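A short worksheet on the structure shown next.
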Amino acid sequence: MVSGIQRETEVIVTERTGRIRSPRIYAMTSGVLTGTIALYIALVAFGNITDFDSNQQFVRHVLAMDTTFKDEDLMWRAIDSTALQDTAYVAIIAWETLAALVLLAATALWFAGPPGDRVRRARQASTVGLLMLMLLFGAGFIGIGGEWFAMWQSEKWNGLEAATRVFMISGIVLLLIHLLPSAGRTDPGSED
């Protein structure tokens, strides 16, 4: 028997550890964090759609490598075709939009109805959306943009700090939603 402060059948704080053990609070916390990331990426996608030219220029300059050190050993990587540059930019916007929709759906799942299967589905949807962001900002912007197209060399068209921030925040939220117990799972070692 677990003793502690209780509300109905749900243990809020255990006497032994003093930790909060409320599945409802964990679900709400996960929902708020997922919703915050969903809002952010939805606004990014919206901004890229409604102010298409601003970040289009960013993508064009990064892919063209025209503000890098212009090292002969690297410049063969540059993409000068505006059609290919614009295709890459539209693909980025589509990926951001899809990630936003997945995360918005996940947020709704965290708050919809009683716990149970809903928490498992919310965690799965959050995982998919957050991994989509980590792929875009980690592999896409940090890896491909930062290293392959040497974005780190540009003083004006360098988005590594922003990409790293989104990658890290998404990773932290992903870890939290998987480390925190869900409804019916107050033992950290138990299965979902």
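Ordered as shown in the structure tokens, chains take letters A, B, and onward, while each chain numbers its residues from 1 and ligands are numbered from 1 in the order shown.
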task: Looking only at strand (DSSP E or B) from DSSP on the backbone, list the matching residues of chain A as a VMD selection string.
output: chain A and resid 4 to 7 10 to 14 20
Contacts of range 159-181 of chain A with range 33-43 of chain A up to 9 Å, shortest pair per row, only C-alpha atoms, as a tab-separated table:
```
residue	atom	partner	partner_atom	distance
A:Val166	CA	A:Ile37	CA	8.8
A:Ile169	CA	A:Ile37	CA	8.3
A:Ser170	CA	A:Ile37	CA	7.3
A:Val173	CA	A:Leu33	CA	6.5
A:Leu174	CA	A:Thr34	CA	8.8
A:Ile177	CA	A:Leu33	CA	8.8
```
query: Looking at A:Ser30, A:Ser22, A:Gln57, A:Thr50, which one is nearest to Leu179 in chain A, with distances taken over only C-alpha atoms?
result: A:Ser30
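Checking A:Ile49, A:Ala94, A:Leu84, A:Leu109 one by one against Met28 in chain A, counting only C-alpha atoms, you find the shortest gap at A:Leu109.
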Contact table range 97-145 of chain A vs range 150-160 of chain A, cut-off 9 Å, shortest pair per residue, only C-alpha atoms, as a Markdown table:
```
| residue | atom | partner | partner_atom | distance |
| --- | --- | --- | --- | --- |
| A:Phe137 | CA | A:Leu160 | CA | 8.9 |
| A:Phe141 | CA | A:Leu160 | CA | 7.0 |
| A:Ile142 | CA | A:Leu160 | CA | 5.9 |
| A:Ile144 | CA | A:Ala150 | CA | 8.4 |
| A:Gly145 | CA | A:Met151 | CA | 5.7 |
```
- prompt: Just asking: which residues within range 32-180 of chain A are helix (DSSP H, G or I) according to DSSP, as a PyMOL selection string?
  reply: chain A and resi 32-50+52-64+75-77+82-111+117-148+151-153+160-179
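The neighbours of Trp95 in chain A here are the residues that come within 12 Å of it, using only C-alpha atoms and leaving out any residue fewer than 2 positions away in the same chain; they are Ile41, Ala42, Val44, Ala45, Asn48, Ala88, Tyr89, Val90, Ala91, Ile92, Ile93, Thr97, Leu98, Ala99, Ala100, Leu101, Val102, Gly129, Leu130, Leu131, Met132, Leu133, Met134, Leu135, Leu136, Phe137 and Gly140 of chain A.
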field: Residue neighbourhood Trp76 in chain A, 12 Å, only C-alpha atoms, exclusion window fewer than 2 positions, as a ChimeraX atom specification
entry: /A:63-66,70-74,78-80,148-150
Interatomic distance, CA of Gly47 in chain A to CA of Glu96 in chain A (Å, one decimal): 10.9 Å
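CA of Leu103 in chain A sits 15.0 Å away from CA of Phe167 in chain A.
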- request: Compare A:Gly31, A:Gly143, A:Val62, A:Ser54 by their minimum atom-to-atom distance to Ala125 in chain A, counting only C-alpha atoms, and give me the closest one.
  value: A:Gly31
